[in-house]
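Peer 1: Next up, start31.cif (mmCIF, C-alpha atoms).
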```
data_coords
#
loop_
_atom_site.group_PDB
_atom_site.id
_atom_site.type_symbol
_atom_site.label_atom_id
_atom_site.label_comp_id
_atom_site.auth_asym_id
_atom_site.auth_seq_id
_atom_site.Cartn_x
_atom_site.Cartn_y
_atom_site.Cartn_z
ATOM 1 C CA MET W 1336 -4.290 -1.700 40.942
ATOM 2 C CA ARG W 1337 -0.956 -1.371 42.723
ATOM 3 C CA GLY W 1338 0.854 -1.084 39.345
ATOM 4 C CA SER W 1339 -1.415 1.797 38.295
ATOM 5 C CA ARG W 1340 -0.815 3.587 41.589
ATOM 6 C CA ASP W 1341 2.973 3.139 41.237
ATOM 7 C CA LEU W 1342 2.856 4.526 37.688
ATOM 8 C CA LEU W 1343 0.822 7.515 38.902
ATOM 9 C CA ILE W 1344 3.330 8.207 41.669
ATOM 10 C CA ALA W 1345 6.219 7.913 39.201
ATOM 11 C CA CYS W 1346 4.511 10.327 36.813
ATOM 12 C CA ILE W 1347 3.783 12.852 39.566
ATOM 13 C CA THR W 1348 7.403 12.587 40.702
ATOM 14 C CA LEU W 1349 8.667 13.140 37.148
ATOM 15 C CA MET W 1350 6.336 16.103 36.700
ATOM 16 C CA THR W 1351 7.431 17.630 39.982
ATOM 17 C CA VAL W 1352 11.151 17.040 39.547
ATOM 18 C CA GLY W 1353 11.468 17.472 35.809
ATOM 19 C CA GLY W 1354 8.463 19.649 35.140
ATOM 20 C CA ALA W 1355 7.684 17.521 32.096
ATOM 21 C CA LEU W 1356 4.159 16.331 31.598
ATOM 22 C CA THR W 1357 5.182 14.593 28.372
ATOM 23 C CA ALA W 1358 7.240 12.063 30.339
ATOM 24 C CA CYS W 1359 3.980 10.399 31.432
ATOM 25 C CA SER W 1360 2.069 10.743 28.228
ATOM 26 C CA SER W 1361 1.749 8.145 25.528
ATOM 27 C CA GLU W 1362 0.941 10.854 22.986
ATOM 28 C CA PRO W 1363 3.338 11.071 20.050
ATOM 29 C CA PRO W 1364 5.496 14.180 20.000
ATOM 30 C CA PRO W 1365 4.213 17.067 17.881
ATOM 31 C CA PRO W 1366 5.614 17.270 14.352
ATOM 32 C CA ALA W 1367 8.745 19.317 13.862
ATOM 33 C CA PRO W 1368 8.141 22.839 12.576
ATOM 34 C CA ARG W 1369 8.230 23.172 8.810
ATOM 35 C CA PRO W 1370 11.235 24.860 7.229
ATOM 36 C CA SER W 1371 10.549 28.278 5.695
ATOM 37 C CA GLY W 1372 12.255 27.354 2.398
ATOM 38 C CA ILE W 1373 14.352 24.666 0.735
ATOM 39 C CA ALA W 1374 17.567 26.418 1.759
ATOM 40 C CA GLN W 1375 16.855 25.233 5.314
ATOM 41 C CA ILE W 1376 16.664 21.573 4.243
ATOM 42 C CA LYS W 1377 19.688 19.291 4.048
ATOM 43 C CA ALA W 1378 18.562 16.461 1.800
ATOM 44 C CA CYS W 1379 20.470 13.684 3.611
ATOM 45 C CA ASP W 1380 19.008 14.864 6.949
ATOM 46 C CA PHE W 1381 15.430 15.009 5.608
ATOM 47 C CA PHE W 1382 14.291 11.804 7.349
ATOM 48 C CA THR W 1383 14.707 11.228 11.076
ATOM 49 C CA LYS W 1384 16.393 8.081 12.393
ATOM 50 C CA ASP W 1385 12.963 6.703 13.349
ATOM 51 C CA GLU W 1386 11.659 7.353 9.829
ATOM 52 C CA LEU W 1387 14.719 5.704 8.277
ATOM 53 C CA ASP W 1388 14.086 2.658 10.469
ATOM 54 C CA GLU W 1389 10.357 2.647 9.654
ATOM 55 C CA TYR W 1390 10.986 2.965 5.897
ATOM 56 C CA GLN W 1391 13.901 0.484 6.105
ATOM 57 C CA LEU W 1392 16.250 3.005 4.489
ATOM 58 C CA HIS W 1393 20.001 3.108 5.007
ATOM 59 C CA ASP W 1394 23.291 4.269 3.485
ATOM 60 C CA ALA W 1395 22.373 7.910 2.849
ATOM 61 C CA ALA W 1396 24.632 9.260 0.106
ATOM 62 C CA ARG W 1397 24.861 12.726 -1.386
ATOM 63 C CA LEU W 1398 24.720 12.524 -5.170
ATOM 64 C CA THR W 1399 25.838 15.777 -6.783
ATOM 65 C CA SER W 1400 25.184 18.446 -4.176
ATOM 66 C CA SER W 1401 23.705 18.974 -0.732
ATOM 67 C CA ALA W 1402 20.358 19.398 -2.536
ATOM 68 C CA ASP W 1403 19.987 15.686 -3.257
ATOM 69 C CA CYS W 1404 20.400 12.423 -1.397
ATOM 70 C CA MET W 1405 19.910 8.715 -2.069
ATOM 71 C CA TRP W 1406 19.028 5.941 0.361
ATOM 72 C CA GLN W 1407 18.860 2.190 -0.206
ATOM 73 C CA GLY W 1408 16.017 0.142 1.244
ATOM 74 C CA THR W 1409 13.593 -2.722 0.908
ATOM 75 C CA LYS W 1410 10.319 -1.573 2.510
ATOM 76 C CA PHE W 1411 8.605 -0.427 -0.662
ATOM 77 C CA PHE W 1412 9.118 -3.688 -2.527
ATOM 78 C CA GLU W 1413 9.893 -6.728 -0.434
ATOM 79 C CA GLY W 1414 12.620 -8.889 -1.840
ATOM 80 C CA ALA W 1415 14.131 -6.143 -3.944
ATOM 81 C CA SER W 1416 16.621 -3.457 -3.063
ATOM 82 C CA THR W 1417 15.332 -0.036 -4.017
ATOM 83 C CA ALA W 1418 16.848 3.438 -4.180
ATOM 84 C CA LEU W 1419 14.967 6.464 -2.911
ATOM 85 C CA VAL W 1420 16.296 9.815 -4.150
ATOM 86 C CA LEU W 1421 15.234 13.220 -2.840
ATOM 87 C CA THR W 1422 16.160 16.218 -4.997
ATOM 88 C CA LEU W 1423 15.498 19.787 -3.892
ATOM 89 C CA ARG W 1424 15.299 22.122 -6.876
ATOM 90 C CA ASP W 1425 15.785 25.864 -7.250
ATOM 91 C CA SER W 1426 13.131 25.777 -9.985
ATOM 92 C CA SER W 1427 9.380 25.910 -9.677
ATOM 93 C CA ALA W 1428 7.414 22.761 -10.420
ATOM 94 C CA ASP W 1429 5.976 24.488 -13.518
ATOM 95 C CA LYS W 1430 9.487 25.128 -14.893
ATOM 96 C CA VAL W 1431 10.588 21.551 -14.156
ATOM 97 C CA LEU W 1432 7.466 20.180 -15.865
ATOM 98 C CA ALA W 1433 7.994 22.376 -18.910
ATOM 99 C CA ALA W 1434 11.694 21.514 -19.207
ATOM 100 C CA LEU W 1435 11.329 17.773 -18.745
ATOM 101 C CA GLY W 1436 8.161 17.527 -20.790
ATOM 102 C CA THR W 1437 9.645 19.208 -23.841
ATOM 103 C CA SER W 1438 13.300 18.174 -23.771
ATOM 104 C CA ALA W 1439 13.089 14.613 -22.505
ATOM 105 C CA GLY W 1440 9.525 13.667 -23.363
ATOM 106 C CA GLU W 1441 8.787 12.790 -19.741
ATOM 107 C CA LYS W 1442 5.218 11.768 -18.894
ATOM 108 C CA PHE W 1443 3.700 13.614 -15.912
ATOM 109 C CA SER W 1444 0.204 13.413 -14.465
ATOM 110 C CA GLU W 1445 -1.140 15.584 -11.672
ATOM 111 C CA ARG W 1446 -2.041 13.699 -8.503
ATOM 112 C CA PRO W 1447 -4.575 14.696 -5.858
ATOM 113 C CA ALA W 1448 -3.218 17.550 -3.749
ATOM 114 C CA ILE W 1449 -2.068 16.835 -0.198
ATOM 115 C CA ASP W 1450 -2.889 19.622 2.278
ATOM 116 C CA GLY W 1451 -3.176 22.057 -0.638
ATOM 117 C CA ARG W 1452 0.182 21.084 -2.205
ATOM 118 C CA ARG W 1453 0.161 20.222 -5.920
ATOM 119 C CA ILE W 1454 1.965 16.992 -6.809
ATOM 120 C CA TRP W 1455 2.743 15.340 -10.154
ATOM 121 C CA ARG W 1456 3.730 11.751 -10.862
ATOM 122 C CA ASN W 1457 6.377 10.937 -13.473
ATOM 123 C CA THR W 1458 5.711 7.545 -15.041
ATOM 124 C CA THR W 1459 7.961 7.839 -18.081
ATOM 125 C CA PRO W 1460 8.706 4.396 -19.472
ATOM 126 C CA GLY W 1461 12.381 3.627 -19.835
ATOM 127 C CA THR W 1462 15.049 1.014 -19.381
ATOM 128 C CA ASP W 1463 15.005 1.391 -15.608
ATOM 129 C CA VAL W 1464 11.844 0.820 -13.601
ATOM 130 C CA SER W 1465 11.079 3.908 -11.531
ATOM 131 C CA CYS W 1466 8.389 6.260 -10.311
ATOM 132 C CA ALA W 1467 8.802 9.874 -9.199
ATOM 133 C CA LEU W 1468 6.713 12.539 -7.505
ATOM 134 C CA LEU W 1469 7.289 16.247 -8.076
ATOM 135 C CA PHE W 1470 6.128 18.466 -5.185
ATOM 136 C CA GLU W 1471 5.335 22.135 -5.736
ATOM 137 C CA ILE W 1472 6.897 24.289 -3.024
ATOM 138 C CA ASP W 1473 6.553 27.857 -4.258
ATOM 139 C CA GLY W 1474 7.123 29.937 -7.376
ATOM 140 C CA SER W 1475 10.861 29.335 -7.261
ATOM 141 C CA SER W 1476 11.410 25.835 -5.847
ATOM 142 C CA SER W 1477 10.210 22.237 -5.925
ATOM 143 C CA ALA W 1478 11.170 18.812 -4.617
ATOM 144 C CA GLU W 1479 11.312 15.474 -6.401
ATOM 145 C CA LEU W 1480 11.152 12.056 -4.767
ATOM 146 C CA LYS W 1481 12.105 9.114 -6.989
ATOM 147 C CA LEU W 1482 11.936 5.412 -6.178
ATOM 148 C CA SER W 1483 13.654 2.879 -8.415
ATOM 149 C CA GLU W 1484 15.260 -0.531 -8.336
ATOM 150 C CA PHE W 1485 18.756 -0.278 -6.881
ATOM 151 C CA LEU W 1486 21.309 -1.203 -9.564
ATOM 152 C CA GLY W 1487 19.568 -4.437 -10.509
ATOM 153 C CA VAL W 1488 20.995 -6.248 -7.474
ATOM 154 C CA SER W 1489 17.774 -8.118 -6.657
ATOM 155 C CA ASP W 1490 16.517 -11.426 -7.927
ATOM 156 C CA VAL W 1491 13.066 -9.898 -8.389
ATOM 157 C CA GLU W 1492 12.196 -6.711 -10.223
ATOM 158 C CA PRO W 1493 9.569 -4.315 -8.930
ATOM 159 C CA THR W 1494 7.071 -2.977 -11.425
ATOM 160 C CA GLN W 1495 6.444 0.706 -11.901
ATOM 161 C CA GLN W 1496 3.068 0.170 -10.226
ATOM 162 C CA ASP W 1497 4.820 -1.315 -7.159
ATOM 163 C CA LEU W 1498 7.172 1.655 -6.903
ATOM 164 C CA CYS W 1499 4.409 4.235 -7.400
ATOM 165 C CA LYS W 1500 2.400 2.553 -4.643
ATOM 166 C CA GLY W 1501 5.396 2.954 -2.312
ATOM 167 C CA LEU W 1502 5.709 6.647 -3.168
ATOM 168 C CA ASP W 1503 1.973 7.205 -2.671
ATOM 169 C CA GLU W 1504 2.399 5.771 0.843
ATOM 170 C CA LEU W 1505 5.326 8.072 1.556
ATOM 171 C CA ALA W 1506 3.928 11.262 -0.058
ATOM 172 C CA PRO W 1507 1.896 12.603 2.916
ATOM 173 C CA ARG W 1508 4.880 12.214 5.250
ATOM 174 C CA VAL W 1509 7.166 14.018 2.786
ATOM 175 C CA GLU W 1510 4.625 16.794 2.247
ATOM 176 C CA GLY W 1511 4.499 17.412 5.999
ATOM 177 C CA LYS W 1512 8.270 18.031 6.089
ATOM 178 C CA LEU W 1513 8.381 20.525 3.207
ATOM 179 C CA PRO W 1514 7.903 24.292 3.582
ATOM 180 C CA ALA W 1515 4.236 25.208 4.033
ATOM 181 C CA VAL W 1516 2.174 25.894 0.934
ATOM 182 C CA ARG W 1517 1.801 29.622 0.390
ATOM 183 C CA GLY W 1518 -1.508 30.738 -0.973
#
```
Go through the file and emit its structure as structure tokens.

Peer 2:
Amino acid sequence: MRGSRDLLIACITLMTVGGALTACSSEPPPPAPRPSGIAQIKACDFFTKDELDEYQLHDAARLTSSADCMWQGTKFFEGASTALVLTLRDSSADKVLAALGTSAGEKFSERPAIDGRRIWRNTTPGTDVSCALLFEIDGSSSAELKLSEFLGVSDVEPTQQDLCKGLDELAPRVEGKLPAVRG
């Protein structure tokens, strides 16, 4: 009882001095506002430090431009090092699908929408084991998230099914950080 009273006094003091009710709340902070377009997103800053820790991602590295970034991690397949790549594209999802489907023979299947956002999964068989999700943003942009084994440095190899399961887990969190779907 005394501990509860002390906590209440501490909270009232914090509210009075700091004017911050959130200091005494165990509620999670509200989500950050969505960017208005992909130009506001820096790929290597896409995930917060807490998210990087939660997803066990590290060593963010820009690949070819500020529109893409790669992280290494192990959360999505224990025992294997994986690479997660985020690519922000100045092309609509429809244009990306058409280009990759015809030129490279990539295999895409539409996934259930998340909060109204259309998403496709790329499960093209190849020499590397990977899975990718293509997120529709608007008529002129899209985002791709790809998970693959990292340079074959592990003793165990994830299957495509393992990697797709990891992306399915991550998809709602990624969707919530992209620009809002415009109807």

Peer 1: Using Å and a single decimal, report how far CA of Ile1373 in chain W sits from CA of Cys1499 in chain W.

Peer 2: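 Value for the CA of Cys1499 in chain W-CA of Ile1373 in chain W distance: 24.1 Å.
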
Peer 1: Evaluating the PyMOL selection byres ((chain W and resi 1379) around 8) on the displayed file yields which residues, as a PDB file with C-alpha atoms, in the frame of the given file?

Peer 2:
```pdb
ATOM      1  CA  LYS W1377      19.688  19.291   4.048  1.00  0.00           C
ATOM      2  CA  ALA W1378      18.562  16.461   1.800  1.00  0.00           C
ATOM      3  CA  ASP W1380      19.008  14.864   6.949  1.00  0.00           C
ATOM      4  CA  PHE W1381      15.430  15.009   5.608  1.00  0.00           C
ATOM      5  CA  PHE W1382      14.291  11.804   7.349  1.00  0.00           C
ATOM      6  CA  ALA W1395      22.373   7.910   2.849  1.00  0.00           C
ATOM      7  CA  ALA W1396      24.632   9.260   0.106  1.00  0.00           C
ATOM      8  CA  ARG W1397      24.861  12.726  -1.386  1.00  0.00           C
ATOM      9  CA  SER W1401      23.705  18.974  -0.732  1.00  0.00           C
ATOM     10  CA  ASP W1403      19.987  15.686  -3.257  1.00  0.00           C
ATOM     11  CA  CYS W1404      20.400  12.423  -1.397  1.00  0.00           C
ATOM     12  CA  MET W1405      19.910   8.715  -2.069  1.00  0.00           C
TER      13      MET W1405
END
```

Peer 1: One decimal, Å: what's the distance from CA of Leu1480 in chain W over to CA of Leu1468 in chain W, could you say?

Peer 2: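 Result for CA of Leu1480 in chain W versus CA of Leu1468 in chain W: 5.2 Å, one decimal.
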
Peer 1: For Ala1374 in chain W, work out the shell of residues within 12 Å, counting all atoms listed in the file and skipping chain neighbours fewer than 5 positions away, then give it as a list in words.

Peer 2: Ser1401, Ala1402, Leu1423, Arg1424, Asp1425, Ile1472, Ser1475, Ser1476, Ser1477, Ala1478, Leu1513 and Pro1514 of chain W

Peer 1: Quick one: everything within 9 Å of Arg1446 in chain W, counting only C-alpha atoms, minus sequence neighbours fewer than 3 positions away in the same chain. Send it as a list in words.

Peer 2: Ile1449, Arg1453, Ile1454, Trp1455, Arg1456 and Leu1468 of chain W

Peer 1: Closest to Gly1501 in chain W among W:Pro1460, W:Gly1451, W:Gly1408, W:Gly1474, using only C-alpha atoms?

Peer 2: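 Ranking W:Pro1460, W:Gly1451, W:Gly1408, W:Gly1474 by distance to Gly1501 in chain W, first place goes to W:Gly1408.
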
Peer 1: Counting only C-alpha atoms, figure out which residue out of W:Leu1502, W:Ala1467, W:Leu1482, W:Leu1387 gets nearest to Ser1416 in chain W.

Peer 2: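 Closest to Ser1416 in chain W, using only C-alpha atoms: W:Leu1482.
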
Peer 1: Identify all residues satisfying the PyMOL selection byres ((chain W and resi 1393) around 6) in the given file; provide them as a list in words.

Peer 2: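 Applying the PyMOL selection byres ((chain W and resi 1393) around 6) to the structure shown produces Leu1392, Asp1394, Ala1395, Trp1406 and Gln1407 of chain W.
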
Peer 1: Please measure the separation of CA of Ser1400 in chain W and CA of Pro1368 in chain W, giving the value in Å to one decimal.

Peer 2: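 Between CA of Ser1400 in chain W and CA of Pro1368 in chain W the gap is 24.3 Å.
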
Peer 1: Nearest to Phe1470 in chain W among W:Asp1388, W:Glu1362, W:Glu1445, W:Asp1497, with distances taken over only C-alpha atoms: which residue is it?

Peer 2: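 Counting only C-alpha atoms, the residue closest to Phe1470 in chain W is W:Glu1445.
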